[in-house]
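Containing mmCIF, C-alpha atoms: target_22.cif.
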data_start
loop_
_atom_site.label_atom_id
_atom_site.label_comp_id
_atom_site.auth_asym_id
_atom_site.auth_seq_id
_atom_site.Cartn_x
_atom_site.Cartn_y
_atom_site.Cartn_z
CA MET A 212 2.30 7.30 28.60
CA ALA A 213 3.43 10.90 29.01
CA ILE A 214 4.93 12.42 25.86
CA ARG A 215 7.76 14.92 26.12
CA THR A 216 7.07 18.32 24.56
CA SER A 217 9.74 17.79 21.90
CA SER A 218 8.32 14.37 21.01
CA ALA A 219 4.80 15.73 20.91
CA ALA A 220 5.85 18.49 18.53
CA GLN A 221 7.57 15.96 16.26
CA ILE A 222 4.49 13.73 16.23
CA ASP A 223 2.20 16.68 15.50
CA ALA A 224 4.39 17.70 12.56
CA LEU A 225 4.44 14.18 11.14
CA VAL A 226 0.68 13.75 11.55
CA ALA A 227 0.17 17.06 9.77
CA ALA A 228 2.38 15.76 6.94
CA LEU A 229 -0.12 12.92 6.37
CA SER A 230 -2.36 15.53 4.72
CA ALA A 231 0.33 16.63 2.26
CA ALA A 232 -0.49 16.60 -1.43
CA ASN A 233 2.86 14.96 -2.20
CA ALA A 234 2.67 11.16 -1.84
CA ILE A 235 6.37 10.86 -0.98
CA THR A 236 5.93 13.30 1.91
CA ARG A 237 2.99 11.27 3.23
CA GLU A 238 4.87 7.97 2.89
CA ALA A 239 7.90 9.36 4.69
CA ALA A 240 5.68 10.57 7.53
CA VAL A 241 4.00 7.15 7.79
CA ALA A 242 7.43 5.49 8.00
CA ARG A 243 8.63 7.82 10.75
CA LEU A 244 5.42 7.48 12.73
CA ALA A 245 5.78 3.69 12.52
CA VAL A 246 9.19 4.03 14.16
CA ILE A 247 7.80 6.31 16.88
CA GLY A 248 5.14 3.68 17.54
CA PRO A 249 2.61 3.69 20.40
CA ARG A 250 3.33 7.29 21.40
CA ALA A 251 1.65 8.43 18.17
CA ILE A 252 -1.48 6.29 18.47
CA ASP A 253 -3.83 8.89 19.97
CA ARG A 254 -3.05 11.49 17.31
CA LEU A 255 -3.29 8.96 14.50
CA VAL A 256 -6.64 7.65 15.73
CA ALA A 257 -7.92 11.20 15.95
CA LEU A 258 -6.95 11.86 12.34
CA ALA A 259 -8.19 8.51 11.02
CA THR A 260 -11.63 9.05 12.56
CA SER A 261 -11.92 12.76 11.71
CA THR A 262 -13.51 14.57 8.77
CA ALA A 263 -10.11 15.18 7.19
CA SER A 264 -9.51 14.32 3.55
CA PRO A 265 -9.61 10.64 2.58
CA VAL A 266 -5.94 10.86 1.59
CA ALA A 267 -4.96 11.94 5.11
CA ARG A 268 -7.17 9.33 6.77
CA VAL A 269 -5.81 6.53 4.57
CA ALA A 270 -2.28 7.57 5.55
CA ALA A 271 -3.28 7.61 9.23
CA PHE A 272 -4.65 4.08 8.96
CA ALA A 273 -1.46 2.99 7.15
CA ALA A 274 0.59 4.24 10.11
CA LEU A 275 -1.76 2.48 12.53
CA GLU A 276 -1.36 -0.74 10.55
CA ALA A 277 2.42 -0.48 10.81
CA ILE A 278 2.37 0.18 14.56
CA ALA A 279 -0.14 -2.63 15.26
CA ASP A 280 -1.23 -1.27 18.62
CA PRO A 281 -4.50 -2.82 19.92
CA ARG A 282 -5.92 0.65 20.49
CA ALA A 283 -6.25 0.95 16.70
CA LEU A 284 -8.67 -1.96 16.40
CA ASP A 285 -11.92 -0.25 17.40
CA PRO A 286 -11.32 2.76 15.12
CA ALA A 287 -10.47 0.36 12.30
CA LEU A 288 -13.65 -1.66 12.87
CA ARG A 289 -15.65 1.55 12.62
CA GLY A 290 -13.68 2.47 9.52
CA LEU A 291 -14.92 -0.65 7.72
CA ASP A 292 -18.20 1.21 7.19
CA ASP A 293 -16.65 4.44 5.95
CA ALA A 294 -18.33 5.98 2.94
CA ASP A 295 -14.99 6.41 1.19
CA ALA A 296 -13.83 3.10 -0.31
CA ALA A 297 -10.12 3.92 0.04
CA VAL A 298 -10.52 4.69 3.75
CA ALA A 299 -12.53 1.51 4.28
CA ALA A 300 -9.85 -0.53 2.48
CA ALA A 301 -7.18 0.99 4.72
CA ALA A 302 -9.30 0.04 7.73
CA VAL A 303 -9.51 -3.54 6.44
CA ALA A 304 -5.70 -3.66 6.39
CA VAL A 305 -5.52 -2.49 10.00
CA THR A 306 -8.23 -4.90 11.12
CA GLY A 307 -6.45 -7.82 9.47
CA VAL A 308 -3.41 -7.27 11.70
CA PHE A 309 -5.50 -8.43 14.67
CA LEU A 310 -6.96 -11.52 13.01
CA ARG A 311 -5.22 -13.85 15.46
CA GLY A 312 -5.18 -11.51 18.45
CA ALA A 313 -7.21 -11.49 21.65
CA ARG A 314 -10.22 -10.11 19.77
CA GLY A 315 -9.76 -12.31 16.74
CA ALA A 316 -13.35 -13.56 16.85
CA THR A 317 -14.67 -10.03 16.47
CA VAL A 318 -12.30 -9.36 13.59
CA VAL A 319 -13.30 -12.58 11.83
CA ASP A 320 -17.00 -11.81 12.24
CA ARG A 321 -16.70 -8.30 10.79
CA LEU A 322 -14.44 -9.27 7.88
CA THR A 323 -16.65 -12.27 7.09
CA ALA A 324 -19.74 -10.06 7.02
CA MET A 325 -17.98 -7.71 4.62
CA ALA A 326 -16.84 -10.52 2.34
CA LEU A 327 -20.35 -12.02 2.19
CA ASP A 328 -22.21 -8.75 1.62
CA PRO A 329 -22.99 -8.32 -2.12
CA ALA A 330 -23.94 -4.69 -1.48
CA ARG A 331 -20.35 -3.88 -0.59
CA PRO A 332 -17.94 -2.64 -3.29
CA GLU A 333 -16.17 -5.60 -4.88
CA PRO A 334 -12.60 -4.42 -4.03
CA LEU A 335 -13.52 -4.22 -0.35
CA ARG A 336 -15.03 -7.69 -0.37
CA VAL A 337 -11.93 -9.10 -2.04
CA ALA A 338 -9.72 -7.30 0.49
CA ALA A 339 -11.72 -8.74 3.38
CA LEU A 340 -11.64 -12.24 1.93
CA THR A 341 -7.90 -11.99 1.32
CA ALA A 342 -7.35 -10.84 4.90
CA LEU A 343 -9.33 -13.85 6.13
CA GLY A 344 -7.03 -16.09 4.09
CA GLY A 345 -4.72 -16.33 7.08
CA LEU A 346 -7.24 -18.63 8.78
CA SER A 347 -7.23 -22.40 8.47
CA ARG A 348 -9.14 -24.13 5.67
CA ALA A 349 -11.50 -25.62 8.27
CA ALA A 350 -12.37 -22.18 9.63
CA MET A 351 -12.82 -20.75 6.16
CA GLY A 352 -14.83 -23.67 4.75
CA PRO A 353 -18.36 -22.34 5.38
CA VAL A 354 -17.48 -18.88 4.06
CA LEU A 355 -15.89 -20.23 0.90
CA THR A 356 -18.83 -22.55 0.27
CA ALA A 357 -21.25 -19.65 0.66
CA LEU A 358 -19.28 -17.61 -1.87
CA ALA A 359 -19.12 -20.36 -4.51
CA GLY A 360 -22.19 -18.93 -6.26
CA ASP A 361 -21.51 -15.26 -5.61
CA PRO A 362 -22.48 -12.85 -8.42
CA SER A 363 -18.96 -11.39 -8.41
CA ALA A 364 -16.46 -13.23 -10.59
CA ALA A 365 -13.56 -11.82 -8.56
CA ILE A 366 -15.08 -13.10 -5.32
CA ARG A 367 -15.77 -16.53 -6.82
CA ALA A 368 -12.20 -16.77 -8.11
CA GLU A 369 -10.65 -15.82 -4.77
CA ALA A 370 -12.95 -18.19 -2.89
CA GLU A 371 -12.18 -21.05 -5.27
CA ALA A 372 -8.43 -20.46 -4.98
CA GLN A 373 -8.64 -20.57 -1.20
CA ARG A 374 -10.99 -23.56 -1.18
CA THR A 375 -8.93 -25.77 -3.48
CA ASP A 376 -5.47 -24.36 -2.78
CA ALA A 377 -4.98 -24.68 -6.54
CA ALA A 378 -3.38 -21.31 -6.27
CA PRO A 379 -2.27 -21.16 -2.62
CA ASN A 380 -3.07 -17.90 -0.92
CA PRO A 381 0.34 -16.27 -0.48
CA LEU A 382 -0.84 -14.29 2.55
CA LYS A 383 -1.95 -17.50 4.25
CA THR A 384 1.37 -19.14 3.41
CA LEU A 385 3.29 -16.16 4.74
CA THR A 386 1.24 -16.17 7.95
CA ARG A 387 1.96 -19.85 8.49
CA ALA A 388 5.66 -19.24 7.94
CA ALA A 389 5.69 -16.45 10.50
CA GLU A 390 3.66 -18.27 13.14
CA ASP A 391 4.34 -21.98 12.64
CA GLY A 392 7.82 -22.10 11.12
CA LEU A 393 9.70 -21.40 7.92
CA PRO A 394 9.82 -23.79 4.96
CA ASP A 395 13.08 -25.64 4.40
CA ASP A 396 13.65 -23.99 1.02
CA PRO A 397 14.39 -20.26 1.31
CA ALA A 398 13.57 -19.78 -2.39
CA VAL A 399 9.99 -20.91 -1.74
CA LEU A 400 9.58 -18.35 1.02
CA ARG A 401 11.19 -15.67 -1.11
CA GLY A 402 8.61 -16.26 -3.83
CA VAL A 403 5.77 -15.97 -1.32
CA ILE A 404 7.20 -12.69 -0.01
CA VAL A 405 7.31 -11.29 -3.54
CA ARG A 406 3.68 -12.27 -4.19
CA ALA A 407 2.23 -11.19 -0.83
CA GLY A 408 4.54 -8.31 0.05
CA SER A 409 2.28 -5.57 -1.29
CA THR A 410 -0.73 -6.61 0.82
CA ALA A 411 0.67 -8.45 3.85
CA PRO A 412 0.28 -6.65 7.18
CA LEU A 413 3.52 -4.82 7.94
CA PRO A 414 3.98 -6.50 11.35
CA LEU A 415 3.74 -9.86 9.58
CA LEU A 416 6.60 -8.89 7.25
CA LEU A 417 8.61 -7.77 10.27
CA ARG A 418 8.04 -11.16 11.91
CA ILE A 419 9.28 -12.84 8.72
CA VAL A 420 12.45 -10.73 8.86
CA GLU A 421 13.04 -11.81 12.45
CA ARG A 422 12.29 -15.48 11.74
CA VAL A 423 14.63 -15.54 8.74
CA ARG A 424 17.40 -13.80 10.70
CA GLU A 425 17.18 -16.52 13.36
CA ARG A 426 17.22 -19.26 10.72
CA GLU A 427 20.09 -17.63 8.83
CA SER A 428 22.30 -17.50 11.94
CA ALA A 429 21.60 -21.18 12.68
CA GLU A 430 22.49 -22.42 9.19
CA PRO A 431 25.98 -23.61 8.15
CA GLY A 432 27.98 -21.10 6.16
CA GLY A 433 27.18 -22.56 2.76
CA ARG A 434 23.42 -22.21 3.23
CA ARG A 435 23.38 -18.74 4.74
CA PRO A 436 23.51 -16.68 1.51
CA ALA A 437 20.18 -18.09 0.29
CA TRP A 438 18.53 -17.12 3.58
CA THR A 439 20.19 -13.71 3.45
CA THR A 440 18.64 -13.16 0.03
CA THR A 441 15.23 -14.09 1.44
CA ARG A 442 15.73 -11.71 4.36
CA VAL A 443 16.57 -8.97 1.88
CA ALA A 444 13.36 -9.73 -0.06
CA ALA A 445 11.35 -9.09 3.10
CA HIS A 446 13.20 -5.81 3.63
CA ALA A 447 12.48 -4.81 0.05
CA ALA A 448 8.76 -5.51 0.53
CA LEU A 449 8.73 -3.31 3.63
CA ALA A 450 10.66 -0.55 1.89
CA ARG A 451 8.25 -0.50 -1.07
CA ARG A 452 5.51 0.20 1.48
CA GLY A 453 7.56 3.03 3.00
CA SER A 454 7.96 1.11 6.26
CA ARG A 455 10.92 1.53 8.59
CA LEU A 456 9.73 -1.16 10.99
CA ALA A 457 12.79 -3.32 10.32
CA LEU A 458 15.34 -0.56 9.85
CA TYR A 459 17.27 -1.80 12.88
CA ASP A 460 17.73 -5.15 11.14
CA MET A 461 18.91 -3.49 7.93
CA ARG A 462 21.66 -1.78 9.93
CA GLU A 463 22.55 -5.07 11.61
CA LEU A 464 22.66 -6.88 8.28
CA LEU A 465 24.94 -4.27 6.75
CA GLU A 466 27.20 -4.10 9.80
CA GLY A 467 27.71 -7.87 9.69
CA ALA A 468 28.18 -8.16 5.93
CA THR A 469 31.45 -9.82 4.92
CA GLY A 470 30.77 -9.28 1.22
CA PRO A 471 28.36 -7.52 -1.12
CA LEU A 472 24.66 -7.93 -0.36
CA PRO A 473 22.01 -8.24 -3.10
CA GLY A 474 21.33 -5.04 -5.02
CA GLU A 475 17.75 -5.20 -3.75
CA PHE A 476 19.08 -4.49 -0.26
CA LEU A 477 20.72 -1.22 -1.28
CA ALA A 478 17.59 -0.18 -3.17
CA ALA A 479 15.55 -0.72 0.00
CA LEU A 480 18.12 1.13 2.09
CA SER A 481 17.99 4.06 -0.32
CA GLN A 482 14.21 4.16 -0.01
CA VAL A 483 13.81 4.11 3.77
CA GLY A 484 17.26 4.54 5.35
CA ASP A 485 17.76 7.45 7.71
CA ALA A 486 20.65 9.15 9.52
CA SER A 487 21.02 6.18 11.85
CA CYS A 488 22.07 4.07 8.85
CA LEU A 489 24.84 6.31 7.56
CA GLU A 490 27.56 5.05 9.87
CA ALA A 491 26.88 1.44 8.84
CA VAL A 492 26.97 2.45 5.16
CA ALA A 493 30.24 4.35 5.64
CA SER A 494 31.75 1.39 7.48
CA ALA A 495 30.76 -1.04 4.73
CA HIS A 496 32.15 1.38 2.14
CA ALA A 497 35.47 1.53 3.98
CA ARG A 498 35.61 -2.26 4.41
CA SER A 499 34.79 -2.87 0.77
CA SER A 500 38.35 -2.04 -0.24
CA GLY A 501 39.53 -5.15 1.62
CA SER A 502 40.32 -8.42 -0.09
CA GLY A 503 37.31 -10.15 1.44
CA PHE A 504 34.90 -8.28 -0.82
CA SER A 505 34.49 -9.61 -4.33
CA ARG A 506 32.86 -7.26 -6.87
CA SER A 507 34.07 -4.44 -4.59
CA ASP A 508 33.85 -1.76 -7.29
CA TRP A 509 30.17 -2.50 -7.86
CA TRP A 510 29.51 -2.69 -4.14
CA ARG A 511 31.40 0.50 -3.29
CA GLN A 512 29.62 2.44 -6.03
CA HIS A 513 26.17 1.39 -4.86
CA LEU A 514 26.99 1.98 -1.22
CA ALA A 515 27.99 5.52 -2.16
CA GLU A 516 24.73 5.98 -4.07
CA ALA A 517 22.70 4.75 -1.09
CA PHE A 518 24.60 7.13 1.22
CA ARG A 519 23.89 10.06 -1.09
CA ALA A 520 20.21 9.11 -1.43
CA ILE A 521 19.76 9.12 2.35
CA VAL A 522 21.64 12.39 2.77
CA VAL A 523 19.53 14.14 0.15
CA ARG A 524 16.18 12.76 1.29
CA GLU A 525 16.82 13.44 4.99
CA GLY A 526 18.35 16.88 4.42
CA ILE A 527 21.64 15.96 6.13
CA ASN A 528 24.69 18.21 5.83
CA ARG A 529 28.30 18.14 7.03
CA ARG A 530 27.34 19.70 10.35
CA HIS A 531 25.13 16.76 11.31
CA ALA A 532 26.42 14.85 14.35
CA VAL A 533 26.53 11.50 12.54
CA VAL A 534 28.51 13.01 9.65
CA LYS A 535 31.03 14.47 12.09
CA LYS A 536 31.37 11.04 13.69
CA ILE A 537 31.89 9.41 10.31
CA GLU A 538 34.48 11.99 9.25
CA LYS A 539 36.39 11.45 12.48
CA ARG A 540 36.55 7.70 11.94
CA TRP A 541 36.90 7.66 8.15
CA PRO A 542 38.35 11.03 7.11
CA GLY A 543 37.36 12.19 3.65
CA THR A 544 34.21 10.04 3.42
CA TRP A 545 31.93 13.01 2.83
CA ALA A 546 34.05 14.40 -0.01
CA LEU A 547 34.52 10.95 -1.52
CA VAL A 548 30.91 9.81 -1.34
CA VAL A 549 28.72 12.91 -1.38
CA SER A 550 30.63 15.61 -3.22
CA ARG A 551 31.26 13.57 -6.36
#

Kindly return the structure encoded in the file as structure tokens.
Amino acid sequence: MAIRTSSAAQIDALVAALSAANAITREAAVARLAVIGPRAIDRLVALATSTASPVARVAAFAALEAIADPRALDPALRGLDDADAAVAAAAVAVTGVFLRGARGATVVDRLTAMALDPARPEPLRVAALTALGGLSRAAMGPVLTALAGDPSAAIRAEAEAQRTDAAPNPLKTLTRAAEDGLPDDPAVLRGVIVRAGSTAPLPLLLRIVERVRERESAEPGGRRPAWTTTRVAAHAALARRGSRLALYDMRELLEGATGPLPGEFLAALSQVGDASCLEAVASAHARSSGSGFSRSDWWRQHLAEAFRAIVVREGINRRHAVVKKIEKRWPGTWALVVSR
């Protein structure tokens, strides 16, 4: 795919930001590269497989994990053997995204070898075993049996949990929900998202968002709020990882809101929202004065705080095109929300 000069310059700047000393700068760059998607793959692969600092290479792999393009698989497989443990762990996360893909057998073989190898650092073995947790119990049986007598207590504990399901692997449960269907109780799924959200592949969390949105729209009115809360939990998990993969759905959720959403939603929006979200926030703020919004004072206040957080983080001023559009439709919004 040919990349326009302006796009190429933007990608180069964001890839360069992955080497920044400031973690927030790196995370913001990862989030933006995830939105850009496949166009950034070549540059990200080049950085991930270079001699750059481990911090930069970990960030590059994080962006590759979020994009989930098959071209990232071979570099990630090579990264499993990286001398730096943090880089290798980031490569495990990327590899796990393709566990059920066209080259799933290769992924399973490599992750299984890592999990079984006592010479590997324990955290990497646990990461590999956790990533394999998305497989069926039948497929995992021989591996778990082999690890029953492993010298590592952490490995034995993880293997026993997966073998007995005494403590169901939340990643496995989340994978089943995304691929085979959601549980009937949204609270159960919400709990799994909370437990697995920090380690689940980002595309898996995005699939959960999409699945829950479909379920939410199909439910009768009285049952929708519980599914909305679960959808918000998935957005919160993505936001804590600095991912903007589901930003489009956050805008849609806010645009369709007929009342206040959970506070967790606005926290997520404040973390990863960008200029494209401001119009939806301004619209919700304007609508919140209507009679259909209970707790409108609370809701309006937090909408204003989210608006300000996005403006400050993204460096947006009154001359920005989206602000001009907002001011034309809702005069005085900038002064009311930002200049307080």

- request: Starting from the displayed file, determine the output of the PyMOL selection byres ((chain A and resi 403-411) around 7) and express the residue list as a VMD selection string.
  value: chain A and resid 381 to 382 385 399 to 402 412 to 413 415 to 416 444 to 445 448

query: So which residues touch region 493-496 of chain A within 8 Å, counting only C-alpha atoms, skipping near sequence neighbours fewer than 4 positions away, as a PyMOL selection string?
result: chain A and resi 465-466+468+489+500+510-511+514-515+518+537+541+544

message: Report as number ranges by chain all protein, DNA and RNA residues lying within 12 Å of Leu255 (chain A), evaluated on all atoms listed in the file, omitting residues in the same chain fewer than 5 positions from it.
response: A: 222-230, 240-241, 244-245, 247-250, 260-261, 263, 267-278, 280, 282-283, 286-287

message: Please return as a PyMOL selection string every residue within 9 Å of (18.7, -14.9, 6.8), taking into account all atoms listed in the file and the file's own coordinates.
response: chain A and resi 397+420-428+430+435-443

Quick one: write out the picked residues with C-alpha atoms as a tab-separated table (two decimals), keeping the file's coordinate frame?
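Produced file part.tsv, reproduced below:
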chain	number	residue	atom	x	y	z
A	397	PRO	CA	14.39	-20.26	1.31
A	420	VAL	CA	12.45	-10.73	8.86
A	421	GLU	CA	13.04	-11.81	12.45
A	422	ARG	CA	12.29	-15.48	11.74
A	423	VAL	CA	14.63	-15.54	8.74
A	424	ARG	CA	17.40	-13.80	10.70
A	425	GLU	CA	17.18	-16.52	13.36
A	426	ARG	CA	17.22	-19.26	10.72
A	427	GLU	CA	20.09	-17.63	8.83
A	428	SER	CA	22.30	-17.50	11.94
A	430	GLU	CA	22.49	-22.42	9.19
A	435	ARG	CA	23.38	-18.74	4.74
A	436	PRO	CA	23.51	-16.68	1.51
A	437	ALA	CA	20.18	-18.09	0.29
A	438	TRP	CA	18.53	-17.12	3.58
A	439	THR	CA	20.19	-13.71	3.45
A	440	THR	CA	18.64	-13.16	0.03
A	441	THR	CA	15.23	-14.09	1.44
A	442	ARG	CA	15.73	-11.71	4.36
A	443	VAL	CA	16.57	-8.97	1.88

Chain and number of each residue from the PyMOL selection byres ((chain A and resi 509) around 12), as a PDB file with C-alpha atoms, keeping the file's coordinate frame:
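Saved to part-v7.pdb:
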ATOM      1  CA  GLY A 470      30.770  -9.280   1.220  1.00  0.00           C
ATOM      2  CA  PRO A 471      28.360  -7.520  -1.120  1.00  0.00           C
ATOM      3  CA  LEU A 472      24.660  -7.930  -0.360  1.00  0.00           C
ATOM      4  CA  PRO A 473      22.010  -8.240  -3.100  1.00  0.00           C
ATOM      5  CA  GLY A 474      21.330  -5.040  -5.020  1.00  0.00           C
ATOM      6  CA  LEU A 477      20.720  -1.220  -1.280  1.00  0.00           C
ATOM      7  CA  HIS A 496      32.150   1.380   2.140  1.00  0.00           C
ATOM      8  CA  SER A 499      34.790  -2.870   0.770  1.00  0.00           C
ATOM      9  CA  SER A 500      38.350  -2.040  -0.240  1.00  0.00           C
ATOM     10  CA  PHE A 504      34.900  -8.280  -0.820  1.00  0.00           C
ATOM     11  CA  SER A 505      34.490  -9.610  -4.330  1.00  0.00           C
ATOM     12  CA  ARG A 506      32.860  -7.260  -6.870  1.00  0.00           C
ATOM     13  CA  SER A 507      34.070  -4.440  -4.590  1.00  0.00           C
ATOM     14  CA  ASP A 508      33.850  -1.760  -7.290  1.00  0.00           C
ATOM     15  CA  TRP A 510      29.510  -2.690  -4.140  1.00  0.00           C
ATOM     16  CA  ARG A 511      31.400   0.500  -3.290  1.00  0.00           C
ATOM     17  CA  GLN A 512      29.620   2.440  -6.030  1.00  0.00           C
ATOM     18  CA  HIS A 513      26.170   1.390  -4.860  1.00  0.00           C
ATOM     19  CA  LEU A 514      26.990   1.980  -1.220  1.00  0.00           C
ATOM     20  CA  ALA A 515      27.990   5.520  -2.160  1.00  0.00           C
ATOM     21  CA  GLU A 516      24.730   5.980  -4.070  1.00  0.00           C
TER      22      GLU A 516
END

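Atom to atom, CA of Arg237 (chain A) and CA of Thr341 (chain A) stand 25.8 Å apart.
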
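With distances taken over all atoms listed in the file, A:Leu343 is the one residue among A:Leu456, A:Val492, A:Val523, A:Leu343 lying closest to Asp320 (chain A).
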
- prompt: Selected by the PyMOL selection byres ((chain A and resi 538) around 12) in the shown coordinates: which residues, as a ChimeraX atom specification?
  reply: /A:489-490,493-494,497,529-537,539-548

message: Here's a test: counting only C-alpha atoms, identify every protein, DNA and RNA residue with an atom at most 6 Å from (17.6, -5.4, 0.5) in the file's coordinate frame, and state them as a PyMOL selection string.
response: chain A and resi 443+446-447+475-477+479

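Compared by their closest atoms to Ala368 (chain A), and using only C-alpha atoms, the residues A:Leu480, A:Val337, A:Ala259, A:Leu288 rank with A:Val337 nearest.
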
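The coordinates place CA of Pro265 (chain A) at 11.6 Å from CA of Ala232 (chain A).
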
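The interatomic distance for the pair CA of Asp361 (chain A) and CA of Ala338 (chain A) works out to 15.5 Å.
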
task: Select, from A:Val319, A:Ala313, A:Gly392, A:Met325, the residue with the minimum atom-to-atom distance to Ala300 (chain A), counting all atoms listed in the file.
output: A:Met325

Against region 301-312 of chain A, which residues of region 321-388 of chain A fall within 9 Å? For each one I want the closest pair of atoms and the distance in Å (one decimal), counting only C-alpha atoms, rows by chain and increasing residue number, as a tab-separated table.
residue	atom	partner	partner_atom	distance
A:Leu322	CA	A:Val303	CA	7.7
A:Leu335	CA	A:Val303	CA	7.9
A:Ala338	CA	A:Val303	CA	7.0
A:Ala339	CA	A:Val303	CA	6.4
A:Ala342	CA	A:Gly307	CA	5.6
A:Leu343	CA	A:Gly307	CA	7.5
A:Gly345	CA	A:Leu310	CA	8.0
A:Leu346	CA	A:Leu310	CA	8.3

Among listed residues A:Val318, A:Ile366, A:Asp395, A:Gln373, nearest Ala349 (chain A) (using only C-alpha atoms): A:Gln373

task: Would you mind telling me which residue in A:Arg524, A:Arg452, A:Arg519, A:Arg314 lies nearest to Glu238 (chain A) when using all atoms listed in the file?
output: A:Arg452

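Counting only C-alpha atoms, Leu358 (chain A) has the following residues at most 9 Å away, ignoring those fewer than 4 positions along the same chain: Ala326, Leu327, Pro353, Val354, Pro362, Ile366, Arg367, Ala370 and Glu371 of chain A.
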
Could you give me region 511-530 of chain A completed to N, CA and C atoms, formatted as a tab-separated table (two decimals), keeping the file's coordinate frame?
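As written to disk, result32.tsv reads:
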chain	number	residue	atom	x	y	z
A	511	ARG	N	31.03	-0.82	-3.77
A	511	ARG	CA	31.40	0.50	-3.29
A	511	ARG	C	30.57	1.59	-3.98
A	512	GLN	N	30.38	1.44	-5.28
A	512	GLN	CA	29.62	2.44	-6.03
A	512	GLN	C	28.19	2.52	-5.52
A	513	HIS	N	27.56	1.38	-5.29
A	513	HIS	CA	26.17	1.39	-4.86
A	513	HIS	C	26.03	1.78	-3.40
A	514	LEU	N	27.01	1.49	-2.59
A	514	LEU	CA	26.99	1.98	-1.22
A	514	LEU	C	27.04	3.51	-1.21
A	515	ALA	N	27.89	4.07	-2.05
A	515	ALA	CA	27.99	5.52	-2.16
A	515	ALA	C	26.67	6.13	-2.62
A	516	GLU	N	26.01	5.47	-3.58
A	516	GLU	CA	24.73	5.98	-4.07
A	516	GLU	C	23.67	5.93	-2.99
A	517	ALA	N	23.66	4.86	-2.18
A	517	ALA	CA	22.70	4.75	-1.09
A	517	ALA	C	22.96	5.84	-0.05
A	518	PHE	N	24.23	6.08	0.27
A	518	PHE	CA	24.60	7.13	1.22
A	518	PHE	C	24.09	8.48	0.74
A	519	ARG	N	24.33	8.77	-0.54
A	519	ARG	CA	23.89	10.06	-1.09
A	519	ARG	C	22.37	10.17	-1.08
A	520	ALA	N	21.68	9.08	-1.40
A	520	ALA	CA	20.21	9.11	-1.43
A	520	ALA	C	19.65	9.44	-0.04
A	521	ILE	N	20.23	8.85	0.99
A	521	ILE	CA	19.76	9.12	2.35
A	521	ILE	C	20.05	10.56	2.74
A	522	VAL	N	21.25	11.02	2.43
A	522	VAL	CA	21.64	12.39	2.77
A	522	VAL	C	20.70	13.41	2.14
A	523	VAL	N	20.40	13.20	0.86
A	523	VAL	CA	19.53	14.14	0.15
A	523	VAL	C	18.11	14.09	0.70
A	524	ARG	N	17.57	12.89	0.85
A	524	ARG	CA	16.18	12.76	1.29
A	524	ARG	C	15.98	13.28	2.71
A	525	GLU	N	16.96	13.05	3.59
A	525	GLU	CA	16.82	13.44	4.99
A	525	GLU	C	17.33	14.85	5.27
A	526	GLY	N	17.87	15.52	4.23
A	526	GLY	CA	18.35	16.88	4.42
A	526	GLY	C	19.55	16.97	5.35
A	527	ILE	N	20.47	16.03	5.25
A	527	ILE	CA	21.64	15.96	6.13
A	527	ILE	C	22.81	16.72	5.51
A	528	ASN	N	23.51	17.50	6.33
A	528	ASN	CA	24.69	18.21	5.83
A	528	ASN	C	25.91	17.85	6.67
A	529	ARG	N	27.03	18.49	6.37
A	529	ARG	CA	28.30	18.14	7.03
A	529	ARG	C	28.30	18.49	8.51
A	530	ARG	N	27.38	19.33	8.95
A	530	ARG	CA	27.34	19.70	10.35
A	530	ARG	C	26.56	18.71	11.21
